[in-house]
Every structure is written in structure tokens, then in C-alpha cells.
>>> print(open('data_10.tsv').read())   # TSV, C-alpha atoms and all ligand atoms
chain	number	residue	atom	x	y	z
A	1303	MET	CA	-24.96	29.79	36.96
A	1304	ILE	CA	-27.86	31.11	34.94
A	1305	ILE	CA	-29.46	34.48	35.56
A	1306	VAL	CA	-33.10	34.15	34.58
A	1307	MET	CA	-34.50	37.56	33.70
A	1308	LYS	CA	-38.14	38.45	34.37
A	1309	ASP	CA	-40.53	38.02	31.42
A	1310	LYS	CA	-40.99	41.76	31.22
A	1311	ALA	CA	-37.35	42.73	31.78
A	1312	LYS	CA	-36.44	45.78	29.69
A	1313	GLU	CA	-33.41	45.90	27.41
A	1314	LYS	CA	-31.91	48.49	29.73
A	1315	GLU	CA	-32.26	46.15	32.70
A	1316	ILE	CA	-30.67	43.29	30.76
A	1317	LYS	CA	-27.77	45.52	29.83
A	1318	GLN	CA	-27.28	46.62	33.44
A	1319	VAL	CA	-26.94	42.99	34.50
A	1320	VAL	CA	-24.59	42.12	31.63
A	1321	ASP	CA	-22.40	45.10	32.52
A	1322	ARG	CA	-22.35	44.17	36.19
A	1323	VAL	CA	-21.34	40.58	35.39
A	1324	GLU	CA	-18.46	41.91	33.31
A	1325	GLU	CA	-17.48	44.28	36.08
A	1326	LEU	CA	-17.24	41.31	38.41
A	1327	GLY	CA	-14.74	39.76	36.00
A	1328	TYR	CA	-16.91	37.12	34.32
A	1329	THR	CA	-17.97	36.64	30.72
A	1330	PRO	CA	-21.75	36.89	30.33
A	1331	HIS	CA	-23.37	34.58	27.75
A	1332	PRO	CA	-26.82	35.98	26.96
A	1333	SER	CA	-29.34	33.68	25.29
A	1334	ARG	CA	-32.94	34.38	24.37
A	1335	GLY	CA	-35.02	31.27	25.02
A	1336	ALA	CA	-38.59	30.56	23.94
A	1337	LYS	CA	-39.97	32.30	26.99
A	1338	LYS	CA	-37.23	34.08	28.83
A	1339	MET	CA	-33.99	35.94	28.50
A	1340	LEU	CA	-31.17	34.03	30.17
A	1341	ILE	CA	-27.64	35.14	30.94
A	1342	GLY	CA	-25.16	32.33	31.53
A	1343	ILE	CA	-22.08	32.89	33.68
A	1344	ILE	CA	-19.47	30.19	33.55
A	1345	GLY	CA	-16.03	29.57	34.93
A	1346	ASP	CA	-14.70	29.52	38.43
A	1347	LEU	CA	-17.51	31.38	40.18
A	1348	ASN	CA	-17.63	33.04	43.54
A	1349	ARG	CA	-21.30	32.27	44.13
A	1350	GLU	CA	-21.76	34.33	47.26
A	1351	GLU	CA	-20.27	37.41	45.69
A	1352	LEU	CA	-22.53	36.93	42.66
A	1353	ILE	CA	-25.67	36.53	44.73
A	1354	ASP	CA	-24.80	39.57	46.83
A	1355	SER	CA	-23.93	41.69	43.80
A	1356	LEU	CA	-26.90	40.76	41.64
A	1357	GLY	CA	-29.63	40.35	44.25
A	1358	ALA	CA	-30.94	43.88	43.98
A	1359	TYR	CA	-31.29	44.21	40.21
A	1360	PRO	CA	-34.95	44.77	39.28
A	1361	GLY	CA	-34.96	42.79	36.01
A	1362	ILE	CA	-33.73	39.54	37.57
A	1363	ASP	CA	-36.21	36.78	38.34
A	1364	LYS	CA	-33.81	34.21	39.85
A	1365	LEU	CA	-30.30	32.77	39.83
A	1366	VAL	CA	-30.10	29.07	39.01
A	1367	PRO	CA	-26.97	26.92	39.33
A	1368	ILE	CA	-26.17	24.70	36.30
A	1369	MET	CA	-25.62	21.17	37.51
A	1370	GLU	CA	-24.30	19.66	34.24
A	1371	PRO	CA	-20.59	19.95	33.39
A	1372	TYR	CA	-21.53	21.33	29.96
A	1373	LYS	CA	-23.02	24.71	30.69
A	1374	LEU	CA	-23.61	26.55	27.41
A	1375	VAL	CA	-24.29	23.38	25.43
A	1376	GLY	CA	-26.90	22.04	27.87
A	1377	ARG	CA	-30.66	22.32	27.72
A	1378	SER	CA	-30.76	24.37	30.90
A	1379	PHE	CA	-29.04	27.22	29.06
A	1380	LYS	CA	-31.58	27.18	26.23
A	1381	ASP	CA	-34.88	25.32	26.14
A	1382	ASN	CA	-35.56	25.45	22.39
A	1383	THR	CA	-33.32	23.88	19.72
A	1384	SER	CA	-30.78	26.36	18.38
A	1385	ILE	CA	-31.42	27.41	14.81
A	1386	ILE	CA	-28.13	28.19	13.15
A	1387	ASP	CA	-28.24	30.68	10.31
A	1388	LEU	CA	-25.81	29.96	7.49
A	1389	GLY	CA	-26.93	32.96	5.44
A	1390	ASP	CA	-29.09	33.35	2.31
A	1391	GLY	CA	-32.00	31.59	3.99
A	1392	VAL	CA	-30.07	28.40	4.75
A	1393	THR	CA	-30.54	27.27	8.35
A	1394	ILE	CA	-30.20	24.17	10.48
A	1395	GLY	CA	-32.22	23.30	13.56
A	1396	GLY	CA	-35.66	24.29	12.23
A	1397	LYS	CA	-38.31	22.28	10.42
A	1398	GLU	CA	-36.21	21.68	7.33
A	1399	ILE	CA	-33.60	18.92	7.43
A	1400	LEU	CA	-30.38	20.32	5.98
A	1401	VAL	CA	-28.60	18.12	3.44
A	1402	MET	CA	-24.84	18.48	3.01
A	1403	ALA	CA	-23.31	16.38	0.26
A	1404	GLY	CA	-20.22	16.01	-1.85
A	1405	PRO	CA	-17.07	13.97	-2.18
A	1406	CYS	CA	-14.91	12.85	0.69
A	1407	ALA	CA	-12.06	14.87	-0.82
A	1408	VAL	CA	-11.81	17.57	-3.46
A	1409	GLU	CA	-9.86	15.90	-6.29
A	1410	SER	CA	-10.18	18.17	-9.33
A	1411	GLU	CA	-12.14	21.11	-10.66
A	1412	GLU	CA	-14.25	18.89	-12.86
A	1413	GLN	CA	-15.06	16.49	-10.02
A	1414	ILE	CA	-16.17	19.15	-7.54
A	1415	ILE	CA	-18.14	21.29	-10.02
A	1416	LYS	CA	-19.98	18.29	-11.43
A	1417	THR	CA	-20.79	17.02	-7.95
A	1418	ALA	CA	-21.91	20.43	-6.72
A	1419	ALA	CA	-24.34	20.81	-9.62
A	1420	ALA	CA	-25.71	17.28	-9.12
A	1421	VAL	CA	-26.23	17.46	-5.36
A	1422	LYS	CA	-27.81	20.88	-5.67
A	1423	LYS	CA	-30.29	19.54	-8.20
A	1424	SER	CA	-31.30	16.82	-5.75
A	1425	GLY	CA	-31.88	19.25	-2.89
A	1426	ALA	CA	-28.58	19.67	-1.05
A	1427	LYS	CA	-27.93	23.18	0.25
A	1428	VAL	CA	-24.35	22.64	1.38
A	1429	LEU	CA	-21.41	21.20	-0.55
A	1430	ARG	CA	-18.98	19.05	1.40
A	1431	GLY	CA	-15.43	18.23	0.34
A	1432	GLY	CA	-12.18	17.80	2.21
A	1433	ALA	CA	-9.16	19.85	1.20
A	1434	PHE	CA	-7.12	18.83	4.24
A	1435	LYS	CA	-7.59	15.11	4.79
A	1436	PRO	CA	-6.68	13.51	8.13
A	1437	ARG	CA	-5.78	10.04	6.82
A	1438	THR	CA	-4.95	7.01	8.92
A	1439	SER	CA	-1.82	6.45	6.82
A	1440	PRO	CA	0.68	9.24	6.10
A	1441	TYR	CA	1.14	7.68	2.63
A	1442	SER	CA	-2.52	8.09	1.62
A	1443	PHE	CA	-3.75	11.12	-0.36
A	1444	GLN	CA	-3.65	14.09	2.04
A	1445	GLY	CA	-5.93	16.43	0.09
A	1446	MET	CA	-5.38	19.30	-2.33
A	1447	GLN	CA	-5.01	21.79	0.53
A	1448	GLU	CA	-5.37	25.47	-0.45
A	1449	GLU	CA	-5.96	24.61	-4.09
A	1450	GLY	CA	-8.83	22.40	-2.96
A	1451	LEU	CA	-10.28	25.27	-0.92
A	1452	LYS	CA	-10.20	27.48	-4.02
A	1453	LEU	CA	-12.05	24.85	-6.03
A	1454	LEU	CA	-14.72	24.60	-3.34
A	1455	LYS	CA	-15.17	28.35	-3.55
A	1456	THR	CA	-15.49	28.20	-7.34
A	1457	ALA	CA	-18.11	25.45	-7.04
A	1458	SER	CA	-19.96	27.47	-4.43
A	1459	ASP	CA	-19.90	30.62	-6.58
A	1460	GLU	CA	-21.25	28.69	-9.55
A	1461	THR	CA	-24.06	26.93	-7.70
A	1462	GLY	CA	-24.88	29.13	-4.70
A	1463	LEU	CA	-24.29	26.17	-2.38
A	1464	LYS	CA	-22.78	26.81	1.04
A	1465	VAL	CA	-19.51	25.02	1.79
A	1466	ILE	CA	-18.38	22.76	4.60
A	1467	THR	CA	-14.76	21.63	4.79
A	1468	GLU	CA	-12.49	20.23	7.44
A	1469	VAL	CA	-9.84	22.19	9.30
A	1470	VAL	CA	-7.19	20.04	10.96
A	1471	ASP	CA	-4.73	22.55	12.35
A	1472	PRO	CA	-5.32	25.63	14.53
A	1473	ARG	CA	-2.85	27.51	12.28
A	1474	ASP	CA	-5.14	26.97	9.27
A	1475	VAL	CA	-8.36	28.29	10.81
A	1476	GLU	CA	-7.97	31.73	9.25
A	1477	LEU	CA	-7.08	30.32	5.82
A	1478	VAL	CA	-9.93	27.79	5.77
A	1479	GLY	CA	-12.30	30.45	7.10
A	1480	ASN	CA	-11.66	32.52	3.97
A	1481	TYR	CA	-13.23	29.79	1.85
A	1482	THR	CA	-15.82	27.96	3.95
A	1483	ASP	CA	-19.21	28.63	5.53
A	1484	ILE	CA	-18.93	25.80	8.05
A	1485	PHE	CA	-15.78	24.45	9.69
A	1486	GLN	CA	-15.77	20.68	10.01
A	1487	ILE	CA	-13.89	19.30	12.99
A	1488	GLY	CA	-13.16	15.65	12.26
A	1489	ALA	CA	-13.63	12.70	14.57
A	1490	ARG	CA	-9.86	12.39	15.05
A	1491	ASN	CA	-9.70	15.98	16.27
A	1492	MET	CA	-12.73	16.06	18.55
A	1493	GLN	CA	-10.49	16.55	21.57
A	1494	ASN	CA	-7.90	18.76	19.91
A	1495	PHE	CA	-8.66	21.50	22.40
A	1496	TYR	CA	-6.44	24.13	20.76
A	1497	LEU	CA	-8.26	23.62	17.49
A	1498	LEU	CA	-11.65	23.79	19.24
A	1499	LYS	CA	-10.70	27.04	20.94
A	1500	GLU	CA	-9.46	28.52	17.68
A	1501	VAL	CA	-12.73	27.84	15.81
A	1502	GLY	CA	-14.50	29.07	18.95
A	1503	LYS	CA	-13.01	32.49	18.32
A	1504	SER	CA	-14.59	32.62	14.86
A	1505	ASN	CA	-18.27	33.36	14.33
A	1506	LYS	CA	-18.64	30.79	11.54
A	1507	ALA	CA	-20.68	27.64	12.12
A	1508	VAL	CA	-18.74	24.59	13.28
A	1509	LEU	CA	-19.79	20.99	12.65
A	1510	LEU	CA	-18.18	18.93	15.39
A	1511	LYS	CA	-17.88	15.23	14.70
A	1512	ARG	CA	-18.07	12.77	17.56
A	1513	GLY	CA	-14.76	11.07	18.25
A	1514	MET	CA	-14.79	7.37	17.51
A	1515	SER	CA	-14.49	6.43	21.16
A	1516	ALA	CA	-16.11	9.47	22.74
A	1517	THR	CA	-18.95	9.27	25.24
A	1518	TYR	CA	-21.82	11.73	24.93
A	1519	LYS	CA	-20.38	13.66	27.84
A	1520	GLU	CA	-16.95	13.95	26.21
A	1521	PHE	CA	-18.61	14.95	22.95
A	1522	LEU	CA	-20.66	17.68	24.62
A	1523	MET	CA	-17.66	18.92	26.59
A	1524	ALA	CA	-15.79	19.32	23.28
A	1525	ALA	CA	-18.71	21.42	22.02
A	1526	GLU	CA	-18.50	23.41	25.26
A	1527	TYR	CA	-14.89	24.31	24.40
A	1528	ILE	CA	-16.08	25.96	21.19
A	1529	MET	CA	-19.04	27.75	22.79
A	1530	SER	CA	-17.04	28.94	25.79
A	1531	GLU	CA	-14.93	31.02	23.37
A	1532	GLY	CA	-18.09	32.81	22.23
A	1533	ASN	CA	-19.05	30.87	19.10
A	1534	TYR	CA	-22.57	29.50	19.66
A	1535	ASN	CA	-22.98	28.22	16.09
A	1536	VAL	CA	-22.14	24.62	16.87
A	1537	ILE	CA	-23.65	21.58	15.14
A	1538	LEU	CA	-23.15	18.09	16.60
A	1539	CYS	CA	-22.45	15.23	14.19
A	1540	GLU	CA	-22.73	11.53	14.98
A	1541	ARG	CA	-20.55	9.63	12.48
A	1542	GLY	CA	-20.33	6.19	14.04
A	1543	ILE	CA	-18.27	4.92	16.92
A	1544	ARG	CA	-15.87	2.03	17.22
A	1545	THR	CA	-17.31	-1.11	18.75
A	1546	PHE	CA	-16.45	-4.84	18.63
A	1547	GLU	CA	-18.33	-5.08	15.31
A	1548	THR	CA	-16.03	-5.03	12.30
A	1549	TYR	CA	-18.48	-5.78	9.49
A	1550	THR	CA	-19.38	-2.11	9.22
A	1551	ARG	CA	-16.66	0.56	9.26
A	1552	ASN	CA	-18.17	2.06	12.43
A	1553	THR	CA	-21.32	1.49	14.46
A	1554	LEU	CA	-23.72	4.33	13.75
A	1555	ASP	CA	-25.27	5.36	17.05
A	1556	LEU	CA	-28.69	6.61	16.01
A	1557	VAL	CA	-29.92	6.61	19.60
A	1558	GLY	CA	-27.46	9.47	19.98
A	1559	ILE	CA	-30.03	11.69	18.26
A	1560	PRO	CA	-32.64	11.60	21.05
A	1561	VAL	CA	-29.95	11.47	23.73
A	1562	LEU	CA	-28.06	14.51	22.44
A	1563	LYS	CA	-31.33	16.35	21.91
A	1564	LYS	CA	-32.38	15.64	25.47
A	1565	LEU	CA	-29.08	16.88	26.88
A	1566	SER	CA	-28.39	19.75	24.49
A	1567	HIS	CA	-30.13	22.42	22.43
A	1568	LEU	CA	-27.62	22.11	19.55
A	1569	PRO	CA	-28.74	20.71	16.17
A	1570	VAL	CA	-27.74	17.11	15.47
A	1571	VAL	CA	-26.48	15.84	12.11
A	1572	ILE	CA	-25.94	12.23	11.05
A	1573	ASP	CA	-23.16	11.05	8.75
A	1574	PRO	CA	-24.43	7.76	7.31
A	1575	SER	CA	-21.35	7.46	5.04
A	1576	HIS	CA	-18.62	7.19	7.69
A	1577	GLY	CA	-21.19	5.67	10.03
A	1578	THR	CA	-21.50	2.57	7.86
A	1579	GLY	CA	-18.58	2.57	5.41
A	1580	GLN	CA	-20.66	0.89	2.69
A	1581	TRP	CA	-22.72	2.70	0.07
A	1582	GLU	CA	-25.56	0.15	0.23
A	1583	LEU	CA	-26.08	0.97	3.90
A	1584	VAL	CA	-26.10	4.74	3.48
A	1585	THR	CA	-29.77	5.09	2.47
A	1586	PRO	CA	-31.14	2.75	5.17
A	1587	ALA	CA	-29.08	4.57	7.80
A	1588	ALA	CA	-30.22	7.97	6.55
A	1589	ARG	CA	-33.85	6.78	6.64
A	1590	GLY	CA	-33.45	5.87	10.29
A	1591	ALA	CA	-31.74	9.19	11.03
A	1592	VAL	CA	-34.60	11.22	9.56
A	1593	ALA	CA	-37.19	9.13	11.38
A	1594	MET	CA	-35.32	9.61	14.66
A	1595	GLY	CA	-35.22	13.38	14.46
A	1596	ALA	CA	-31.88	14.34	12.88
A	1597	ASP	CA	-31.65	18.01	11.88
A	1598	GLY	CA	-29.30	17.33	9.00
A	1599	LEU	CA	-27.34	14.76	7.02
A	1600	ILE	CA	-23.81	14.86	5.65
A	1601	VAL	CA	-23.36	12.39	2.82
A	1602	GLU	CA	-20.46	11.43	0.56
A	1603	VAL	CA	-21.33	11.61	-3.14
A	1604	HIS	CA	-18.88	11.12	-6.03
A	1605	PRO	CA	-19.29	11.18	-9.85
A	1606	GLU	CA	-17.41	7.86	-10.09
A	1607	PRO	CA	-17.07	6.23	-6.65
A	1608	THR	CA	-14.83	3.44	-7.99
A	1609	LYS	CA	-12.23	6.04	-8.97
A	1610	ALA	CA	-12.43	8.13	-5.77
A	1611	LEU	CA	-9.12	8.91	-4.07
A	1612	SER	CA	-10.71	8.36	-0.68
A	1613	ASP	CA	-13.82	6.67	0.72
A	1614	GLY	CA	-15.17	5.50	-2.66
A	1615	GLN	CA	-16.74	2.40	-1.12
A	1616	GLN	CA	-19.09	4.52	0.99
A	1617	SER	CA	-19.82	7.19	-1.64
A	1618	LEU	CA	-23.10	7.36	-3.53
A	1619	LYS	CA	-23.36	7.88	-7.28
A	1620	PHE	CA	-25.51	10.83	-8.33
A	1621	SER	CA	-28.50	8.66	-9.25
A	1622	LYS	CA	-28.46	6.86	-5.91
A	1623	PHE	CA	-28.22	10.16	-4.06
A	1624	THR	CA	-31.23	11.56	-5.91
A	1625	ALA	CA	-33.23	8.42	-5.18
A	1626	MET	CA	-32.25	8.63	-1.52
A	1627	ILE	CA	-33.43	12.22	-1.13
A	1628	ASP	CA	-36.79	11.41	-2.78
A	1629	ASP	CA	-37.20	8.54	-0.39
A	1630	LEU	CA	-36.23	10.59	2.65
A	1631	SER	CA	-38.67	13.37	1.85
A	1632	GLN	CA	-41.57	10.99	2.51
A	1633	ILE	CA	-40.15	9.99	5.89
A	1634	ALA	CA	-39.48	13.64	6.72
A	1635	ASN	CA	-43.13	14.50	6.00
A	1636	ALA	CA	-44.31	11.65	8.17
A	1637	VAL	CA	-42.41	13.05	11.16
A	1638	GLY	CA	-43.41	16.67	10.60
A	1639	ARG	CA	-40.21	17.78	8.88
A	1640	GLU	CA	-39.18	18.80	5.38
A	1641	ILE	CA	-36.20	17.87	3.28
B	1701	LIG	C1	-14.71	13.05	6.38
B	1701	LIG	O1	-15.75	13.70	6.59
B	1701	LIG	O2	-14.32	12.75	5.24
B	1701	LIG	C2	-13.96	12.53	7.54
B	1701	LIG	C3	-12.65	12.36	7.51
B	1701	LIG	O3	-14.77	12.29	8.59
B	1701	LIG	P1	-14.47	11.73	10.07
B	1701	LIG	O4	-13.72	12.80	10.77
B	1701	LIG	O5	-15.85	11.51	10.62
B	1701	LIG	O6	-13.71	10.44	9.93
B	1702	MN	MN	-14.53	10.56	4.05
>>> encode(input="data_10.tsv", output="C-alpha cells")
Amino acid sequence: MIIVMKDKAKEKEIKQVVDRVEELGYTPHPSRGAKKMLIGIIGDLNREELIDSLGAYPGIDKLVPIMEPYKLVGRSFKDNTSIIDLGDGVTIGGKEILVMAGPCAVESEEQIIKTAAAVKKSGAKVLRGGAFKPRTSPYSFQGMQEEGLKLLKTASDETGLKVITEVVDPRDVELVGNYTDIFQIGARNMQNFYLLKEVGKSNKAVLLKRGMSATYKEFLMAAEYIMSEGNYNVILCERGIRTFETYTRNTLDLVGIPVLKKLSHLPVVIDPSHGTGQWELVTPAARGAVAMGADGLIVEVHPEPTKALSDGQQSLKFSKFTAMIDDLSQIANAVGREI
């Protein structure tokens, strides 16, 4: 249920309602929309008790039931797109399209520092790089783990870039949180509910990747797990789904951008690297993503893709990445955005 406060509701009146909701044993989720202050109440609700208990509060305009299964993630909870603040003026969800770039995996100090400097020069604001790699085979490179996290931090300190890196285990959330600005939840973990709840307890931004066979509803319900723990800084990422087509690594569902934006207020990012699996297709896919309204891109870039320990075939060389961003800035301008 959503408590819609009157336009002129005073802070004191809002607080009274929040306190009363808590007294009744629920967790209030306040959200300031474009026009109104809303207070979401979720969980197993006793509607009649709520209506009786809240009916007389002067600041309340109306009580509206939320019909969708995703409550906090849905548009009814917030009418304007959420702008997530990553600190130092870096945001996602506003006019500027946020570019996150870097190697699939952190491999060495030289590799990550070189890449950080190059992607920064081309306009990226966030450095990506996996330290814990969820590989299909247990015999493939599993990542540099904590040493990789330290290298990401060094690269971030040297360049001022923010960091995004994957966390694969609820027990590592605290450790990874010491080094990253954004937690990445990988496609294979989209429904790892314990992991979702754990990052939900943090206040750091979380980029949630769509599972390779997840419907939009399942995807949004996974985001709801994070938000229901109190972390509203969630970013949705479409990274391609599995279909009957095998020519591309995955089928990048660009229509997901308008669909997710219709259903949810959360920013939407596209991963054209995993979405296609081939470096030649990364720029065309990213062009489409920008034209269709993506709020950000996450792109794999490597100093020498042929020598990469993972995902080299879908990684861009520095020069190709620079050319891509130049190209995308024209499309961004044409659709009223900036890159
Ligand atoms: C990655 O970003 O390198 C990765 C493993 O992504 P995904 O979870 O989308 O496969
Ligand atoms: Mn990868």
C-alpha cells in the first residue's frame, strides 16, 4: 500500500505517519516523487487496521493499494526515474549516460592501471573488473580475488574512477564493499536471494544483471529483494538472454529498456559485451541501446583482447572503445542525452 501525502504536508506530519506505521509493526519506505511525498508499506498487511489507524492523520491525502507484485521497484512507488548518486558528481538515471568500462577480469596491476587510464580518457566514469569470476567451468580462471580488489582500488585512487566489481557470495559482501562503489550481481546469481538480501543491507549501489532465462517480472522481483532490505540504489542491467539463436553468445533484449522503464523507476544499463559475445557487435548494440533510452553502458575493454584470461573475444581494444564513445555521443545528443 502507498500512503500519498498531501502536497502541502509538513515534515512533522510526515514523521507522525512514519512513526505510526512503525508502531503498527511495518517498515515504512518513504520516497519523494516529482510531485508528492509517498510512504510505501509492504509485507503482509492488515489493510483494515491500517485504514482505521491512519484515516485521521491530517497530512494524508489517500491510501492506494499497489497492484504489482514488485512494490518498491514499480512506477507506482515513484513516478520519476531514480537518480543514483555514486559520489563526486557521478550519477546514473539523469541526462548523462554513465559509461562503465574495463576488463572482464582483473589480471595484473599493469593491465588494470593501463585500462583505467585509457577508459577514463575516453569518457568512462566507472572502472569495471571482476576479482571474483563466476565461470561456467571450475577449471577456468576464477579471478584474483582480494588481490584483484586491491588492484581495482589502486587504479581508482590513481584515476579518480569509481569502481564496479562482482560479488558472488553473501560472505564476501563486507570484503568487496571495502573496495567497490557498486556491487555487481551477475546473471548467474540474479536469484541468489541470500546474496540479494545481503547487498540490500548495504547502502552502496547495486547493479543487478538479468538472469539469462529470467522474465522481466522475475528480474524486477529480484530487484525488489534488494530494495525491501532498505537499499534503494539499484540499477537494472540487461546483458542478453538465452534463446534458440546460437550465433551470438546471448540475445540482447533491447526492448527491455522501454519495458523496464515503463514498469520501474530504476535506471537501466545495457551490457553490449555479454549481450553479443563478439567485439564487432559491441558498438552496433551500444548504438541501439543509447537510441532506445539506456541510462548507462557496461563495456569490456582490454589492452590486448587476444591475451585476455576471460572474454577476450567480446572485449574492445582502447582505440575501438574511444571510437565507440565518439560515435555514441552523437546519438546521445540526438535523443536529448549526453555521454
Ligand atoms: C561479467 O560482467 O564479466 C559477467 C560475468 O557478467 P554476467 O553475469 O552478465 O555473465
Ligand atoms: Mn565477462
>>> closest_residue(input="data_10.tsv", among="A:Thr1482, A:Gln1616, A:Gln1413, A:Thr1578", to="ligand MN 1702 (chain B)", atoms="all atoms listed in the file")
A:Gln1616
>>> residues_near_ligand(input="data_10.tsv", ligand="ligand LIG 1701 (chain B)", cutoff="10 Å", atoms="only C-alpha atoms and all ligand atoms", output="PyMOL selection string")
chain A and resi 1404-1407+1430-1438+1466-1468+1470+1486-1492+1510-1514+1539-1543+1552+1573-1577+1600-1602+1612-1613
>>> residues_around(input="data_10.tsv", residues="range 1308-1325 of chain A", least_positions_apart="3", cutoff="9 Å", atoms="only C-alpha atoms", output="PyMOL selection string")
chain A and resi 1305+1328-1332+1337-1339+1341+1343+1352+1355-1356+1359-1364
>>> residues_around(input="data_10.tsv", residues="Val1501 in chain A", least_positions_apart="5", cutoff="8 Å", atoms="all atoms listed in the file", output="number ranges by chain")
A: 1472, 1475, 1485, 1506, 1508, 1528, 1533
>>> atom_distance(input="data_10.tsv", atom1="CA of Phe1623 in chain A", atom2="CA of Ser1424 in chain A")
7.5 Å
>>> closest_residue(input="data_10.tsv", among="A:Gln1493, A:Gln1632, A:Ser1617, A:Gln1580", to="ligand MN 1702 (chain B)", atoms="all atoms listed in the file")
A:Ser1617
>>> closest_residue(input="data_10.tsv", among="A:Ile1537, A:Val1408, A:Leu1497, A:Val1465", to="ligand MN 1702 (chain B)", atoms="only C-alpha atoms and all ligand atoms")
A:Val1408
>>> atom_distance(input="data_10.tsv", atom1="CA of Lys1499 in chain A", atom2="CA of Ser1566 in chain A")
19.5 Å
>>> atom_distance(input="data_10.tsv", atom1="CA of Met1369 in chain A", atom2="CA of Gly1335 in chain A")
18.6 Å
>>> closest_residue(input="data_10.tsv", among="A:Gly1391, A:Leu1347, A:Lys1423, A:Val1603", to="ligand MN 1702 (chain B)", atoms="only C-alpha atoms and all ligand atoms")
A:Val1603
>>> closest_residue(input="data_10.tsv", among="A:Val1584, A:Ala1525, A:Ile1368, A:Ala1596", to="Val1557 in chain A", atoms="only C-alpha atoms")
A:Ala1596
>>> decode(input="data_10.tsv", residues="range 1522-1579 of chain A", atoms="C-alpha atoms", output="PDB file, in the first residue's frame")
ATOM      1  CA  LEU A1522      12.098  -6.965 -11.068  1.00  0.00           C
ATOM      2  CA  MET A1523      11.244  -9.265  -8.166  1.00  0.00           C
ATOM      3  CA  ALA A1524      14.986  -9.864  -7.681  1.00  0.00           C
ATOM      4  CA  ALA A1525      15.458  -6.080  -7.522  1.00  0.00           C
ATOM      5  CA  GLU A1526      12.594  -5.967  -5.014  1.00  0.00           C
ATOM      6  CA  TYR A1527      14.582  -8.310  -2.735  1.00  0.00           C
ATOM      7  CA  ILE A1528      17.388  -5.748  -2.590  1.00  0.00           C
ATOM      8  CA  MET A1529      15.103  -2.748  -2.089  1.00  0.00           C
ATOM      9  CA  SER A1530      12.961  -4.473   0.526  1.00  0.00           C
ATOM     10  CA  GLU A1531      16.058  -4.611   2.763  1.00  0.00           C
ATOM     11  CA  GLY A1532      16.312  -0.818   2.560  1.00  0.00           C
ATOM     12  CA  ASN A1533      18.842  -0.308  -0.238  1.00  0.00           C
ATOM     13  CA  TYR A1534      17.129   1.784  -2.937  1.00  0.00           C
ATOM     14  CA  ASN A1535      20.290   2.275  -5.006  1.00  0.00           C
ATOM     15  CA  VAL A1536      19.536  -0.429  -7.522  1.00  0.00           C
ATOM     16  CA  ILE A1537      20.484  -0.345 -11.212  1.00  0.00           C
ATOM     17  CA  LEU A1538      18.981  -2.875 -13.645  1.00  0.00           C
ATOM     18  CA  CYS A1539      21.264  -4.368 -16.302  1.00  0.00           C
ATOM     19  CA  GLU A1540      20.144  -6.210 -19.416  1.00  0.00           C
ATOM     20  CA  ARG A1541      23.037  -8.423 -20.574  1.00  0.00           C
ATOM     21  CA  GLY A1542      21.367 -10.713 -23.077  1.00  0.00           C
ATOM     22  CA  ILE A1543      19.168 -13.723 -22.571  1.00  0.00           C
ATOM     23  CA  ARG A1544      19.395 -17.261 -23.848  1.00  0.00           C
ATOM     24  CA  THR A1545      17.259 -18.019 -26.879  1.00  0.00           C
ATOM     25  CA  PHE A1546      17.352 -20.605 -29.699  1.00  0.00           C
ATOM     26  CA  GLU A1547      19.908 -18.421 -31.507  1.00  0.00           C
ATOM     27  CA  THR A1548      23.474 -19.620 -31.048  1.00  0.00           C
ATOM     28  CA  TYR A1549      25.334 -17.338 -33.458  1.00  0.00           C
ATOM     29  CA  THR A1550      25.596 -14.657 -30.799  1.00  0.00           C
ATOM     30  CA  ARG A1551      26.587 -15.554 -27.228  1.00  0.00           C
ATOM     31  CA  ASN A1552      23.239 -14.249 -25.962  1.00  0.00           C
ATOM     32  CA  THR A1553      20.300 -12.392 -27.474  1.00  0.00           C
ATOM     33  CA  LEU A1554      20.458  -8.794 -26.318  1.00  0.00           C
ATOM     34  CA  ASP A1555      16.933  -7.726 -25.438  1.00  0.00           C
ATOM     35  CA  LEU A1556      16.970  -4.011 -26.199  1.00  0.00           C
ATOM     36  CA  VAL A1557      13.188  -3.804 -25.981  1.00  0.00           C
ATOM     37  CA  GLY A1558      13.800  -4.470 -22.298  1.00  0.00           C
ATOM     38  CA  ILE A1559      14.812  -0.817 -21.979  1.00  0.00           C
ATOM     39  CA  PRO A1560      11.360   0.674 -22.661  1.00  0.00           C
ATOM     40  CA  VAL A1561       9.626  -2.236 -20.927  1.00  0.00           C
ATOM     41  CA  LEU A1562      11.664  -1.950 -17.721  1.00  0.00           C
ATOM     42  CA  LYS A1563      11.301   1.821 -17.789  1.00  0.00           C
ATOM     43  CA  LYS A1564       7.554   1.519 -18.105  1.00  0.00           C
ATOM     44  CA  LEU A1565       7.322  -0.906 -15.196  1.00  0.00           C
ATOM     45  CA  SER A1566      10.023   0.534 -12.936  1.00  0.00           C
ATOM     46  CA  HIS A1567      11.644   3.808 -11.916  1.00  0.00           C
ATOM     47  CA  LEU A1568      15.119   2.224 -11.649  1.00  0.00           C
ATOM     48  CA  PRO A1569      17.880   3.201 -14.109  1.00  0.00           C
ATOM     49  CA  VAL A1570      18.575   0.683 -16.881  1.00  0.00           C
ATOM     50  CA  VAL A1571      22.053  -0.247 -18.120  1.00  0.00           C
ATOM     51  CA  ILE A1572      22.943  -2.296 -21.189  1.00  0.00           C
ATOM     52  CA  ASP A1573      25.888  -4.684 -21.402  1.00  0.00           C
ATOM     53  CA  PRO A1574      26.618  -4.989 -25.126  1.00  0.00           C
ATOM     54  CA  SER A1575      29.684  -7.180 -24.446  1.00  0.00           C
ATOM     55  CA  HIS A1576      27.991 -10.188 -22.820  1.00  0.00           C
ATOM     56  CA  GLY A1577      24.862  -9.362 -24.804  1.00  0.00           C
ATOM     57  CA  THR A1578      26.588 -10.197 -28.081  1.00  0.00           C
ATOM     58  CA  GLY A1579      29.811 -12.062 -27.257  1.00  0.00           C
TER      59      GLY A1579
END
